[in-house]
file model_6.tsv (TSV, C-alpha atoms)
chain	number	residue	atom	x	y	z
A	1	MET	CA	0.00	0.00	0.00
A	2	ASP	CA	1.24	3.40	-0.74
A	3	LYS	CA	1.44	6.40	1.52
A	4	PHE	CA	-1.82	7.98	0.32
A	5	GLY	CA	-3.78	4.76	0.69
A	6	THR	CA	-2.65	4.42	4.29
A	7	ILE	CA	-3.59	8.04	5.06
A	8	GLY	CA	-6.98	7.52	3.36
A	9	VAL	CA	-7.68	4.40	5.38
A	10	LEU	CA	-6.60	6.20	8.56
A	11	LEU	CA	-8.89	9.19	7.79
A	12	LEU	CA	-11.73	6.83	7.01
A	13	ALA	CA	-11.21	5.04	10.34
A	14	ILE	CA	-11.19	8.38	12.20
A	15	CYS	CA	-14.41	9.48	10.46
A	16	LEU	CA	-16.09	6.17	11.20
A	17	GLY	CA	-15.00	6.39	14.86
A	18	TRP	CA	-16.38	9.93	15.11
A	19	TYR	CA	-19.66	8.86	13.46
A	20	ALA	CA	-19.93	5.87	15.82
A	21	SER	CA	-19.40	8.22	18.76
A	22	LEU	CA	-22.23	10.47	17.52
A	23	LEU	CA	-24.51	7.47	17.10
A	24	SER	CA	-23.64	6.28	20.60
A	25	ASP	CA	-24.52	9.71	22.04
A	26	ASP	CA	-27.80	9.70	20.12
A	27	LEU	CA	-28.56	6.21	21.41
A	28	GLU	CA	-27.91	7.25	25.02
A	29	ALA	CA	-30.18	10.29	24.61
A	30	ALA	CA	-32.90	8.11	23.06
A	31	GLU	CA	-32.61	5.58	25.91
A	32	LYS	CA	-32.91	8.40	28.46
A	33	ASP	CA	-36.00	9.77	26.69
A	34	ASN	CA	-37.42	6.27	26.47
A	35	LYS	CA	-37.01	5.74	30.23
A	36	ALA	CA	-38.76	9.05	30.90
A	37	LEU	CA	-41.63	8.05	28.59
A	38	ILE	CA	-41.92	4.64	30.27
A	39	ALA	CA	-42.14	6.30	33.69
A	40	MET	CA	-44.79	8.70	32.40
A	41	VAL	CA	-46.84	5.88	30.86
A	42	GLU	CA	-46.63	3.86	34.07
A	43	GLY	CA	-47.87	6.88	36.00
A	44	ARG	CA	-50.77	7.27	33.60
A	45	ASP	CA	-51.55	3.56	33.83
A	46	GLU	CA	-51.76	3.88	37.62
A	47	THR	CA	-54.03	6.92	37.26
A	48	ILE	CA	-56.25	5.10	34.77
A	49	SER	CA	-56.48	2.09	37.09
A	50	ALA	CA	-57.37	4.34	40.03
A	51	LEU	CA	-60.06	6.07	37.96
A	52	LYS	CA	-61.48	2.72	36.85
A	53	ASP	CA	-61.56	1.53	40.45
A	54	ALA	CA	-63.31	4.74	41.52
A	55	ALA	CA	-65.83	4.41	38.69
A	56	ASP	CA	-66.52	0.79	39.66
A	57	ALA	CA	-67.02	1.77	43.31
A	58	ASP	CA	-69.32	4.61	42.26
A	59	ARG	CA	-71.33	2.26	40.03
A	60	ARG	CA	-71.69	-0.27	42.87
A	61	ALA	CA	-72.80	2.48	45.26
A	62	THR	CA	-75.34	3.73	42.72
A	63	GLU	CA	-76.70	0.22	42.20
A	64	GLN	CA	-76.97	-0.25	45.97
A	65	GLN	CA	-78.76	3.09	46.34
A	66	LEU	CA	-81.20	2.18	43.56
A	67	LEU	CA	-81.90	-1.16	45.24
A	68	ILE	CA	-82.60	0.58	48.56
A	69	GLU	CA	-84.91	3.09	46.84
A	70	GLN	CA	-86.78	0.26	45.06
A	71	GLN	CA	-87.23	-1.56	48.36
A	72	LYS	CA	-88.50	1.59	50.07
A	73	ARG	CA	-90.87	2.30	47.17
A	74	ALA	CA	-92.20	-1.27	47.25
A	75	LYS	CA	-92.72	-1.04	51.01
A	76	ALA	CA	-94.55	2.30	50.69
A	77	ASP	CA	-96.72	0.93	47.87
A	78	ALA	CA	-97.60	-2.12	49.98
A	79	GLU	CA	-98.46	0.08	52.96
A	80	ASN	CA	-100.63	2.31	50.76
A	81	ARG	CA	-102.49	-0.71	49.34
A	82	THR	CA	-103.03	-2.07	52.85
A	83	LEU	CA	-104.32	1.30	54.04
A	84	ARG	CA	-106.68	1.65	51.07
A	85	LYS	CA	-108.07	-1.85	51.59
A	86	ALA	CA	-108.55	-1.19	55.28
A	87	LEU	CA	-110.35	2.08	54.57
A	88	GLU	CA	-112.53	0.56	51.83
A	89	HIS	CA	-113.82	-2.18	54.11
A	90	SER	CA	-114.12	-0.14	57.27
A	91	GLY	CA	-117.17	1.95	56.58
A	92	CYS	CA	-115.30	5.08	57.60
A	93	ASN	CA	-114.17	5.77	54.07
A	94	ASN	CA	-116.75	8.55	53.77
A	95	GLN	CA	-115.76	10.16	57.05
A	96	ARG	CA	-113.12	12.76	57.61
A	97	LEU	CA	-109.83	11.45	59.02
A	98	PRO	CA	-108.76	12.76	62.41
A	99	ASP	CA	-106.39	15.73	62.28
A	100	ASP	CA	-103.53	13.66	63.76
A	101	ALA	CA	-103.88	11.07	60.99
A	102	LEU	CA	-103.91	13.82	58.33
A	103	ARG	CA	-100.75	15.35	59.78
A	104	ILE	CA	-99.02	11.96	59.68
A	105	LEU	CA	-100.10	11.36	56.09
A	106	ARG	CA	-98.93	14.83	55.10
A	107	ARG	CA	-95.68	14.22	57.02
A	108	GLU	CA	-96.23	17.35	59.02
A	109	GLY	CA	-94.99	15.82	62.22

call {"tool": "encode", "arguments": {"input": "model_6.tsv", "output": "structure tokens"}}
result
Amino acid sequence: MDKFGTIGVLLLAICLGWYASLLSDDLEAAEKDNKALIAMVEGRDETISALKDAADADRRATEQQLLIEQQKRAKADAENRTLRKALEHSGCNNQRLPDDALRILRREG
């Protein structure tokens, strides 16, 4: 090999080493950014899981409240039917109720 070929190969090796160094720096920066993104995604996953858990708990509470309201409504309907039947068969259905009974029915105290 002649003198210029050796210098050319040496310059090529230096350029390739410099380019490899740049690629290595870029790779380290990309890995750092990737770690930051992974941490952010994990944080969001935890937030999403917490929100799903809260939504599930809220849904269960709503279902429980609806069940309680249905039970109370059914009980009130049954009491009203019983009261109507009792009044229909009592002969006092054409008489005025006592004031205390009216206050109770009006929930006045």

call {"tool": "atom_distance", "arguments": {"input": "model_6.tsv", "atom1": "CA of Ala30 (chain A)", "atom2": "CA of Gly43 (chain A)"}}
result
19.8 Å

call {"tool": "atom_distance", "arguments": {"input": "model_6.tsv", "atom1": "CA of Ala78 (chain A)", "atom2": "CA of Arg60 (chain A)"}}
result
26.9 Å

call {"tool": "axis_aligned_box", "arguments": {"input": "model_6.tsv", "around": "region 55-68 of chain A", "padding_each_side": "4 Å", "output": "lines of an AutoDock Vina configuration file"}}
result
center_x = -74.2
center_y = 1.7
center_z = 43.6
size_x = 24.8
size_y = 13.8
size_z = 17.9

call {"tool": "atom_distance", "arguments": {"input": "model_6.tsv", "atom1": "CA of Arg107 (chain A)", "atom2": "CA of Lys72 (chain A)"}}
result
16.1 Å

call {"tool": "decode", "arguments": {"input": "model_6.tsv", "residues": "region 34-79 of chain A", "atoms": "N, CA and C atoms", "output": "PDB file, in the first residue's frame"}}
result
ATOM      1  N   ASN A  34     -36.571   7.437  26.393  1.00  0.00           N
ATOM      2  CA  ASN A  34     -37.425   6.265  26.473  1.00  0.00           C
ATOM      3  C   ASN A  34     -37.759   5.925  27.924  1.00  0.00           C
ATOM      4  N   LYS A  35     -36.762   6.005  28.802  1.00  0.00           N
ATOM      5  CA  LYS A  35     -37.008   5.744  30.232  1.00  0.00           C
ATOM      6  C   LYS A  35     -37.992   6.755  30.808  1.00  0.00           C
ATOM      7  N   ALA A  36     -37.832   8.025  30.412  1.00  0.00           N
ATOM      8  CA  ALA A  36     -38.761   9.054  30.896  1.00  0.00           C
ATOM      9  C   ALA A  36     -40.175   8.771  30.398  1.00  0.00           C
ATOM     10  N   LEU A  37     -40.311   8.370  29.146  1.00  0.00           N
ATOM     11  CA  LEU A  37     -41.633   8.050  28.595  1.00  0.00           C
ATOM     12  C   LEU A  37     -42.246   6.838  29.288  1.00  0.00           C
ATOM     13  N   ILE A  38     -41.422   5.831  29.573  1.00  0.00           N
ATOM     14  CA  ILE A  38     -41.924   4.642  30.270  1.00  0.00           C
ATOM     15  C   ILE A  38     -42.444   5.023  31.650  1.00  0.00           C
ATOM     16  N   ALA A  39     -41.685   5.861  32.363  1.00  0.00           N
ATOM     17  CA  ALA A  39     -42.137   6.297  33.692  1.00  0.00           C
ATOM     18  C   ALA A  39     -43.443   7.072  33.592  1.00  0.00           C
ATOM     19  N   MET A  40     -43.567   7.916  32.573  1.00  0.00           N
ATOM     20  CA  MET A  40     -44.793   8.695  32.403  1.00  0.00           C
ATOM     21  C   MET A  40     -45.980   7.789  32.077  1.00  0.00           C
ATOM     22  N   VAL A  41     -45.761   6.807  31.218  1.00  0.00           N
ATOM     23  CA  VAL A  41     -46.836   5.878  30.855  1.00  0.00           C
ATOM     24  C   VAL A  41     -47.259   5.049  32.064  1.00  0.00           C
ATOM     25  N   GLU A  42     -46.286   4.615  32.862  1.00  0.00           N
ATOM     26  CA  GLU A  42     -46.634   3.855  34.070  1.00  0.00           C
ATOM     27  C   GLU A  42     -47.457   4.702  35.020  1.00  0.00           C
ATOM     28  N   GLY A  43     -47.091   5.974  35.158  1.00  0.00           N
ATOM     29  CA  GLY A  43     -47.874   6.878  36.003  1.00  0.00           C
ATOM     30  C   GLY A  43     -49.292   7.033  35.491  1.00  0.00           C
ATOM     31  N   ARG A  44     -49.430   7.137  34.186  1.00  0.00           N
ATOM     32  CA  ARG A  44     -50.771   7.265  33.596  1.00  0.00           C
ATOM     33  C   ARG A  44     -51.554   5.977  33.756  1.00  0.00           C
ATOM     34  N   ASP A  45     -50.872   4.840  33.629  1.00  0.00           N
ATOM     35  CA  ASP A  45     -51.551   3.555  33.831  1.00  0.00           C
ATOM     36  C   ASP A  45     -52.096   3.460  35.253  1.00  0.00           C
ATOM     37  N   GLU A  46     -51.296   3.899  36.229  1.00  0.00           N
ATOM     38  CA  GLU A  46     -51.762   3.885  37.621  1.00  0.00           C
ATOM     39  C   GLU A  46     -52.958   4.806  37.800  1.00  0.00           C
ATOM     40  N   THR A  47     -52.908   5.970  37.165  1.00  0.00           N
ATOM     41  CA  THR A  47     -54.027   6.917  37.256  1.00  0.00           C
ATOM     42  C   THR A  47     -55.281   6.329  36.616  1.00  0.00           C
ATOM     43  N   ILE A  48     -55.106   5.710  35.455  1.00  0.00           N
ATOM     44  CA  ILE A  48     -56.251   5.097  34.773  1.00  0.00           C
ATOM     45  C   ILE A  48     -56.842   3.979  35.629  1.00  0.00           C
ATOM     46  N   SER A  49     -55.994   3.173  36.231  1.00  0.00           N
ATOM     47  CA  SER A  49     -56.477   2.094  37.094  1.00  0.00           C
ATOM     48  C   SER A  49     -57.232   2.658  38.294  1.00  0.00           C
ATOM     49  N   ALA A  50     -56.693   3.716  38.887  1.00  0.00           N
ATOM     50  CA  ALA A  50     -57.371   4.337  40.029  1.00  0.00           C
ATOM     51  C   ALA A  50     -58.723   4.899  39.615  1.00  0.00           C
ATOM     52  N   LEU A  51     -58.784   5.525  38.431  1.00  0.00           N
ATOM     53  CA  LEU A  51     -60.058   6.073  37.955  1.00  0.00           C
ATOM     54  C   LEU A  51     -61.068   4.961  37.661  1.00  0.00           C
ATOM     55  N   LYS A  52     -60.582   3.853  37.098  1.00  0.00           N
ATOM     56  CA  LYS A  52     -61.484   2.723  36.849  1.00  0.00           C
ATOM     57  C   LYS A  52     -62.008   2.160  38.159  1.00  0.00           C
ATOM     58  N   ASP A  53     -61.128   2.034  39.152  1.00  0.00           N
ATOM     59  CA  ASP A  53     -61.562   1.529  40.454  1.00  0.00           C
ATOM     60  C   ASP A  53     -62.601   2.456  41.083  1.00  0.00           C
ATOM     61  N   ALA A  54     -62.356   3.767  40.967  1.00  0.00           N
ATOM     62  CA  ALA A  54     -63.308   4.742  41.523  1.00  0.00           C
ATOM     63  C   ALA A  54     -64.644   4.669  40.787  1.00  0.00           C
ATOM     64  N   ALA A  55     -64.596   4.509  39.470  1.00  0.00           N
ATOM     65  CA  ALA A  55     -65.833   4.408  38.686  1.00  0.00           C
ATOM     66  C   ALA A  55     -66.595   3.137  39.052  1.00  0.00           C
ATOM     67  N   ASP A  56     -65.871   2.042  39.260  1.00  0.00           N
ATOM     68  CA  ASP A  56     -66.524   0.789  39.662  1.00  0.00           C
ATOM     69  C   ASP A  56     -67.181   0.930  41.028  1.00  0.00           C
ATOM     70  N   ALA A  57     -66.465   1.560  41.964  1.00  0.00           N
ATOM     71  CA  ALA A  57     -67.020   1.766  43.307  1.00  0.00           C
ATOM     72  C   ALA A  57     -68.250   2.664  43.236  1.00  0.00           C
ATOM     73  N   ASP A  58     -68.181   3.698  42.419  1.00  0.00           N
ATOM     74  CA  ASP A  58     -69.318   4.608  42.258  1.00  0.00           C
ATOM     75  C   ASP A  58     -70.514   3.879  41.650  1.00  0.00           C
ATOM     76  N   ARG A  59     -70.249   3.029  40.659  1.00  0.00           N
ATOM     77  CA  ARG A  59     -71.327   2.262  40.034  1.00  0.00           C
ATOM     78  C   ARG A  59     -71.971   1.319  41.041  1.00  0.00           C
ATOM     79  N   ARG A  60     -71.134   0.637  41.852  1.00  0.00           N
ATOM     80  CA  ARG A  60     -71.689  -0.272  42.868  1.00  0.00           C
ATOM     81  C   ARG A  60     -72.517   0.493  43.898  1.00  0.00           C
ATOM     82  N   ALA A  61     -72.042   1.666  44.304  1.00  0.00           N
ATOM     83  CA  ALA A  61     -72.801   2.479  45.263  1.00  0.00           C
ATOM     84  C   ALA A  61     -74.126   2.928  44.660  1.00  0.00           C
ATOM     85  N   THR A  62     -74.112   3.301  43.393  1.00  0.00           N
ATOM     86  CA  THR A  62     -75.341   3.726  42.722  1.00  0.00           C
ATOM     87  C   THR A  62     -76.330   2.567  42.630  1.00  0.00           C
ATOM     88  N   GLU A  63     -75.821   1.396  42.279  1.00  0.00           N
ATOM     89  CA  GLU A  63     -76.698   0.215  42.204  1.00  0.00           C
ATOM     90  C   GLU A  63     -77.299  -0.099  43.570  1.00  0.00           C
ATOM     91  N   GLN A  64     -76.475   0.008  44.609  1.00  0.00           N
ATOM     92  CA  GLN A  64     -76.966  -0.253  45.967  1.00  0.00           C
ATOM     93  C   GLN A  64     -78.032   0.771  46.358  1.00  0.00           C
ATOM     94  N   GLN A  65     -77.788   2.044  46.026  1.00  0.00           N
ATOM     95  CA  GLN A  65     -78.762   3.093  46.339  1.00  0.00           C
ATOM     96  C   GLN A  65     -80.065   2.854  45.586  1.00  0.00           C
ATOM     97  N   LEU A  66     -79.986   2.461  44.326  1.00  0.00           N
ATOM     98  CA  LEU A  66     -81.201   2.176  43.557  1.00  0.00           C
ATOM     99  C   LEU A  66     -81.970   1.003  44.169  1.00  0.00           C
ATOM    100  N   LEU A  67     -81.258  -0.008  44.608  1.00  0.00           N
ATOM    101  CA  LEU A  67     -81.901  -1.155  45.241  1.00  0.00           C
ATOM    102  C   LEU A  67     -82.626  -0.726  46.515  1.00  0.00           C
ATOM    103  N   ILE A  68     -81.974   0.094  47.329  1.00  0.00           N
ATOM    104  CA  ILE A  68     -82.605   0.584  48.562  1.00  0.00           C
ATOM    105  C   ILE A  68     -83.850   1.399  48.240  1.00  0.00           C
ATOM    106  N   GLU A  69     -83.749   2.276  47.218  1.00  0.00           N
ATOM    107  CA  GLU A  69     -84.907   3.088  46.836  1.00  0.00           C
ATOM    108  C   GLU A  69     -86.048   2.215  46.322  1.00  0.00           C
ATOM    109  N   GLN A  70     -85.742   1.171  45.556  1.00  0.00           N
ATOM    110  CA  GLN A  70     -86.775   0.264  45.062  1.00  0.00           C
ATOM    111  C   GLN A  70     -87.453  -0.462  46.223  1.00  0.00           C
ATOM    112  N   GLN A  71     -86.650  -0.870  47.198  1.00  0.00           N
ATOM    113  CA  GLN A  71     -87.226  -1.557  48.357  1.00  0.00           C
ATOM    114  C   GLN A  71     -88.132  -0.624  49.147  1.00  0.00           C
ATOM    115  N   LYS A  72     -87.684   0.623  49.343  1.00  0.00           N
ATOM    116  CA  LYS A  72     -88.505   1.593  50.074  1.00  0.00           C
ATOM    117  C   LYS A  72     -89.798   1.893  49.314  1.00  0.00           C
ATOM    118  N   ARG A  73     -89.686   2.019  47.985  1.00  0.00           N
ATOM    119  CA  ARG A  73     -90.870   2.296  47.167  1.00  0.00           C
ATOM    120  C   ARG A  73     -91.847   1.123  47.234  1.00  0.00           C
ATOM    121  N   ALA A  74     -91.340  -0.091  47.167  1.00  0.00           N
ATOM    122  CA  ALA A  74     -92.198  -1.272  47.246  1.00  0.00           C
ATOM    123  C   ALA A  74     -92.882  -1.346  48.603  1.00  0.00           C
ATOM    124  N   LYS A  75     -92.139  -1.022  49.663  1.00  0.00           N
ATOM    125  CA  LYS A  75     -92.723  -1.042  51.011  1.00  0.00           C
ATOM    126  C   LYS A  75     -93.821   0.018  51.129  1.00  0.00           C
ATOM    127  N   ALA A  76     -93.545   1.227  50.619  1.00  0.00           N
ATOM    128  CA  ALA A  76     -94.549   2.301  50.689  1.00  0.00           C
ATOM    129  C   ALA A  76     -95.785   1.940  49.874  1.00  0.00           C
ATOM    130  N   ASP A  77     -95.580   1.343  48.695  1.00  0.00           N
ATOM    131  CA  ASP A  77     -96.722   0.925  47.869  1.00  0.00           C
ATOM    132  C   ASP A  77     -97.553  -0.131  48.597  1.00  0.00           C
ATOM    133  N   ALA A  78     -96.878  -1.072  49.239  1.00  0.00           N
ATOM    134  CA  ALA A  78     -97.603  -2.121  49.980  1.00  0.00           C
ATOM    135  C   ALA A  78     -98.378  -1.514  51.146  1.00  0.00           C
ATOM    136  N   GLU A  79     -97.762  -0.569  51.835  1.00  0.00           N
ATOM    137  CA  GLU A  79     -98.461   0.082  52.961  1.00  0.00           C
ATOM    138  C   GLU A  79     -99.658   0.872  52.452  1.00  0.00           C
TER     139      GLU A  79
END
